[in-house]
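Okay, structure first, notes after.
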Amino acid sequence: MESETMMTLRQRILSVYRGETPDTVPFMLDLSHWFYHRHGLPWDLSIAYAEPERDLIAYHRAHDIGCYMPNLAPFYETSYGADVHAEMLRSEEGDLPALTWRLRTPLGSIERTRVWEPQSYSWAIRDWGVRTEQDLRVLGHALGSRTFSSDWSVYRAWDEAIGESGIAYVGTGYSGLGNLLSLWMGVEGTTYAIADWPDTVREVVDQINESNLRLVDLLCVSPVEVVVMGDNFSADLQPPSLVTTWSADYYAEAIRRLHAAGKSVAVHIDGKLRGLLRLFADLGADCADAVTPRPMGDLTPAECRAEAGPGLILSGGVSPDLWLPTAPLAAFRDAVRAWLDLRRESPRLIANAGDQVPPGAEEDRIFIMRDMVLSEGQY
């Protein structure tokens, strides 16, 4: 194929979402953690990246790698009810920075703290903020009061900066249950709460999800093209039965509203896959993002497609451990090739990492995957 007739990275991604067949499987990566770690840049959850991260975007463009996940970009503003005071406090624990989120309401106050872990380049939750049934009610009151607004100037700036090098996904954050599991209670605390206070958990989950739907409605009238939802799903922590009971109605309604507005919806599933791919295909999602096959995942690429069916976009393909120098290069190549082979069954495919390219990954593997997609991923 002559270079002047080749599709751009953006065109390939959007063609897959439209149900078309691109010239080549789209290739895009979330390089944010890898890039920050490699260059010693801060990964600060207290900072909103209103200005596009031009160095990161330039790296993507210079190496023909699709850019799609603007982490920490404040595409919309969040406001709380008049009787809720929300704040974030910085502190030091030893020589490590810590961040504390505090919510004060007429029902009481809660707070949670995360501490920086340099080795993993991430913020570990040191203290869960919700421990009692009353804490749970505080959380529901606070998060249920949220409203959202935006003039979309930040999104337009990011969209213009990325240009034909990809597309800016915009996230809705965690569902009600996802907030409990991942931010405020943890898996153990949420499990006990469901057993001990099921009515209160239902009330709080519904409060948070109703607030989230206000954000969905805002996205429906936005210039955003692809909305990414999800709780960092993993079937061992959120099996299909749990999602069906606590979250499926919310996701189905959000997807219905976004589709009615002409938006595409990706769901972030970056852990175990069995049962979840079929569930979200049935709920109407367009794409499963961050799909991680074996060895860290629980399905082979072929099993992913068999479970998802032909219509769900599978975006992912290479398990995080295979990016590291400890993994044989041959195993990395085999994983890329097995993922690209799925194009023969359905063009609903994007070549990506299983979640992010991890800190410490070999840069050469990024280029190897790019070259393999171009040479072996054509239609």
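Simple scheme: letters A, B, ... for chains in structure tokens order, numbers from 1 for residues in each chain, numbers from 1 for ligands in the order shown.
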
Q: Assign secondary structure with DSSP using the backbone only, and return the residues of region 182-341 of chain A in alpha helix (DSSP H) as a PyMOL selection string.
A: chain A and resi 186-196+198-220+240-246+248-260+276-282+301-308+329-340

Write out as a tab-separated table the residues of region 103-181 of chain A that have any atom within 10 Å of an atom of region 260-265 of chain A, one row each with the nearest atom pair and its distance in Å to one decimal, counting only C-alpha atoms, sorted by chain and then rising number.
residue	atom	partner	partner_atom	distance
A:Tyr169	CA	A:Val265	CA	9.4
A:Val170	CA	A:Val265	CA	9.8
A:Gly171	CA	A:Val265	CA	9.7

Q: Just the residues within 9 Å of region 186-202 of chain A, please, counting only C-alpha atoms, with nothing from its chain fewer than 3 positions along; format it as number ranges by chain.
A: A: 128, 130-133, 136-137, 140, 177, 179-183, 205-207, 237, 246

Q) DSSP says strand (DSSP E or B) for which residues of region 8-167 of chain A? Put them as JSON, numbers by chain? A) {"A": [24, 27, 28, 66, 67, 77, 78, 79, 85, 86, 87, 88, 89, 90, 91, 92, 93, 96, 97, 98, 99, 100, 101, 102, 103, 104, 105, 108, 109, 110, 111, 112, 113, 114, 115, 116, 117, 122, 123, 124, 125, 126, 127, 147, 148, 149, 166]}

Emit the selected residues as an mmCIF file, in the first residue's frame, including C-alpha atoms.
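And here's selection34.cif as it stands now:
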data_model
loop_
_atom_site.group_PDB
_atom_site.id
_atom_site.type_symbol
_atom_site.label_atom_id
_atom_site.label_comp_id
_atom_site.auth_asym_id
_atom_site.auth_seq_id
_atom_site.Cartn_x
_atom_site.Cartn_y
_atom_site.Cartn_z
ATOM 1 C CA THR A 24 -4.349 -2.012 9.190
ATOM 2 C CA PHE A 27 -2.096 0.505 17.201
ATOM 3 C CA MET A 28 -2.221 2.629 20.341
ATOM 4 C CA GLY A 66 -1.497 5.933 18.788
ATOM 5 C CA CYS A 67 -2.260 8.168 21.783
ATOM 6 C CA GLU A 77 -15.415 20.272 36.767
ATOM 7 C CA THR A 78 -17.000 18.491 39.724
ATOM 8 C CA SER A 79 -19.094 20.408 42.261
ATOM 9 C CA HIS A 85 -17.015 20.300 51.902
ATOM 10 C CA ALA A 86 -14.439 18.371 49.845
ATOM 11 C CA GLU A 87 -10.708 18.953 50.122
ATOM 12 C CA MET A 88 -7.404 17.289 49.343
ATOM 13 C CA LEU A 89 -4.423 17.746 51.667
ATOM 14 C CA ARG A 90 -0.739 17.147 50.976
ATOM 15 C CA SER A 91 1.639 15.870 53.640
ATOM 16 C CA GLU A 92 4.880 13.923 54.049
ATOM 17 C CA GLU A 93 5.308 10.466 55.546
ATOM 18 C CA LEU A 96 7.438 10.185 50.773
ATOM 19 C CA PRO A 97 4.556 12.446 49.765
ATOM 20 C CA ALA A 98 1.043 11.571 50.885
ATOM 21 C CA LEU A 99 -2.365 12.803 49.742
ATOM 22 C CA THR A 100 -5.510 12.808 51.864
ATOM 23 C CA TRP A 101 -9.028 13.269 50.481
ATOM 24 C CA ARG A 102 -11.536 14.503 53.067
ATOM 25 C CA LEU A 103 -15.319 14.810 52.775
ATOM 26 C CA ARG A 104 -17.321 16.687 55.422
ATOM 27 C CA THR A 105 -21.111 16.456 55.465
ATOM 28 C CA GLY A 108 -20.185 13.195 59.471
ATOM 29 C CA SER A 109 -16.729 13.219 57.881
ATOM 30 C CA ILE A 110 -14.571 10.624 56.166
ATOM 31 C CA GLU A 111 -11.088 10.689 54.689
ATOM 32 C CA ARG A 112 -8.656 8.378 52.899
ATOM 33 C CA THR A 113 -4.902 8.652 52.376
ATOM 34 C CA ARG A 114 -2.607 7.479 49.592
ATOM 35 C CA VAL A 115 1.202 7.354 49.859
ATOM 36 C CA TRP A 116 3.624 7.475 46.953
ATOM 37 C CA GLU A 117 5.485 4.242 46.133
ATOM 38 C CA SER A 122 1.940 4.536 42.000
ATOM 39 C CA TRP A 123 -0.056 5.803 44.972
ATOM 40 C CA ALA A 124 -0.961 3.069 47.469
ATOM 41 C CA ILE A 125 -4.058 3.534 49.619
ATOM 42 C CA ARG A 126 -2.839 3.470 53.204
ATOM 43 C CA ASP A 127 -6.140 4.151 54.966
ATOM 44 C CA THR A 147 -22.881 17.845 39.632
ATOM 45 C CA PHE A 148 -20.668 18.393 36.598
ATOM 46 C CA SER A 149 -19.962 21.165 34.123
ATOM 47 C CA GLY A 166 -4.916 9.134 18.035
#

Q. Of the candidates A:Pro301, A:Pro42, A:Pro347, A:Gly311, which shows the shortest atom-to-atom distance to Asp334 (chain A), using only C-alpha atoms?
A. A:Pro301

Could you make a table, as a tab-separated table, of the residues of region 125-229 of chain A that have an atom within 9 Å of an atom of region 266-283 of chain A, each with its nearest atom pair and distance in Å to one decimal, counting only C-alpha atoms, in chain and number order?
residue	atom	partner	partner_atom	distance
A:Tyr169	CA	A:Ala266	CA	8.8
A:Val226	CA	A:Ala266	CA	7.1
A:Val227	CA	A:Ala266	CA	6.2
A:Val228	CA	A:Ala266	CA	4.6
A:Met229	CA	A:Val267	CA	4.8

Can you tell me which residues surround Glu253 (chain A) at a distance of at most 12 Å, considering only C-alpha atoms, apart from same-chain residues fewer than 3 positions away, and format the answer as a JSON list (two decimals) with N, CA and C atoms, in the first residue's frame?
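File written: out38.json
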[["chain", "number", "residue", "atom", "x", "y", "z"],
["A", 209, "ASN", "N", -24.33, 6.22, 41.53],
["A", 209, "ASN", "CA", -24.61, 5.98, 40.11],
["A", 209, "ASN", "C", -25.54, 7.04, 39.53],
["A", 210, "GLU", "N", -26.51, 7.51, 40.30],
["A", 210, "GLU", "CA", -27.37, 8.58, 39.81],
["A", 210, "GLU", "C", -26.56, 9.85, 39.56],
["A", 212, "ASN", "N", -23.36, 9.82, 38.78],
["A", 212, "ASN", "CA", -22.57, 9.53, 37.58],
["A", 212, "ASN", "C", -23.37, 9.75, 36.31],
["A", 213, "LEU", "N", -24.66, 9.45, 36.35],
["A", 213, "LEU", "CA", -25.48, 9.63, 35.15],
["A", 213, "LEU", "C", -25.64, 11.11, 34.80],
["A", 214, "ARG", "N", -25.48, 12.00, 35.77],
["A", 214, "ARG", "CA", -25.45, 13.43, 35.44],
["A", 214, "ARG", "C", -24.22, 13.74, 34.59],
["A", 216, "VAL", "N", -22.75, 11.50, 32.64],
["A", 216, "VAL", "CA", -23.06, 10.88, 31.35],
["A", 216, "VAL", "C", -23.89, 11.83, 30.50],
["A", 217, "ASP", "N", -24.88, 12.47, 31.10],
["A", 217, "ASP", "CA", -25.72, 13.41, 30.35],
["A", 217, "ASP", "C", -24.90, 14.59, 29.83],
["A", 247, "SER", "N", -24.27, -3.39, 39.40],
["A", 247, "SER", "CA", -23.81, -2.35, 38.46],
["A", 247, "SER", "C", -24.38, -2.45, 37.06],
["A", 248, "ALA", "N", -24.92, -3.59, 36.67],
["A", 248, "ALA", "CA", -25.30, -3.78, 35.27],
["A", 248, "ALA", "C", -26.36, -2.78, 34.81],
["A", 249, "ASP", "N", -27.35, -2.50, 35.66],
["A", 249, "ASP", "CA", -28.39, -1.56, 35.26],
["A", 249, "ASP", "C", -27.81, -0.17, 35.00],
["A", 250, "TYR", "N", -26.86, 0.23, 35.84],
["A", 250, "TYR", "CA", -26.21, 1.54, 35.64],
["A", 250, "TYR", "C", -25.46, 1.57, 34.32],
["A", 256, "ARG", "N", -26.85, 3.22, 26.97],
["A", 256, "ARG", "CA", -28.02, 3.59, 26.17],
["A", 256, "ARG", "C", -28.04, 5.09, 25.90],
["A", 257, "ARG", "N", -27.81, 5.91, 26.93],
["A", 257, "ARG", "CA", -27.84, 7.36, 26.76],
["A", 257, "ARG", "C", -26.71, 7.83, 25.83],
["A", 258, "LEU", "N", -25.52, 7.27, 26.01],
["A", 258, "LEU", "CA", -24.39, 7.70, 25.19],
["A", 258, "LEU", "C", -24.59, 7.29, 23.74],
["A", 259, "HIS", "N", -25.09, 6.10, 23.49],
["A", 259, "HIS", "CA", -25.35, 5.68, 22.12],
["A", 259, "HIS", "C", -26.41, 6.55, 21.47],
["A", 260, "ALA", "N", -27.44, 6.92, 22.22],
["A", 260, "ALA", "CA", -28.48, 7.78, 21.67],
["A", 260, "ALA", "C", -27.92, 9.13, 21.26],
["A", 265, "VAL", "N", -18.64, 3.75, 23.37],
["A", 265, "VAL", "CA", -18.36, 3.45, 24.77],
["A", 265, "VAL", "C", -17.38, 2.28, 24.88],
["A", 283, "LEU", "N", -24.43, -5.94, 27.38],
["A", 283, "LEU", "CA", -24.90, -4.64, 27.87],
["A", 283, "LEU", "C", -24.79, -3.54, 26.82],
["A", 284, "GLY", "N", -24.17, -3.85, 25.68],
["A", 284, "GLY", "CA", -24.13, -2.89, 24.58],
["A", 284, "GLY", "C", -22.85, -2.12, 24.42],
["A", 285, "ALA", "N", -21.83, -2.41, 25.23],
["A", 285, "ALA", "CA", -20.56, -1.69, 25.08],
["A", 285, "ALA", "C", -19.98, -1.91, 23.69]]

Q) Any idea what the distance is between CA of His60 (chain A) and CA of Leu72 (chain A)? A)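 Answer for the CA of His60 (chain A) to CA of Leu72 (chain A) separation: 17.7 Å.
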
Q) Which residue gives the smallest distance to Met369 (chain A) among A:Arg146, A:His141, A:His63, A:Arg343, with only C-alpha atoms counted? A) A:His63

Q. Between A:Ile65, A:Cys220, A:Ile57, A:Leu107, which one has atoms that come closest to Ala353 (chain A), using only C-alpha atoms?
A. A:Ile65

**Q.** Selection: 9 Å around Ile366 (chain A), only C-alpha atoms, excl. self and same-chain fewer than 6 positions, as a ChimeraX atom specification
**A.** /A:29,65,323,357

Write out as a tab-separated table a residue-level contact list of region 44-108 of chain A versus region 153-156 of chain A with cut-off 9 Å: for each qualifying residue the closest pair of atoms and the distance in Å to one decimal, counting only C-alpha atoms, rows sorted by chain and residue number upward.
residue	atom	partner	partner_atom	distance
A:Ala50	CA	A:Val154	CA	5.9
A:Glu51	CA	A:Val154	CA	7.2
A:Pro52	CA	A:Val154	CA	8.0
A:Ala73	CA	A:Val154	CA	7.8
A:Pro74	CA	A:Val154	CA	7.1
A:Phe75	CA	A:Tyr155	CA	5.5
A:Tyr76	CA	A:Val154	CA	8.3
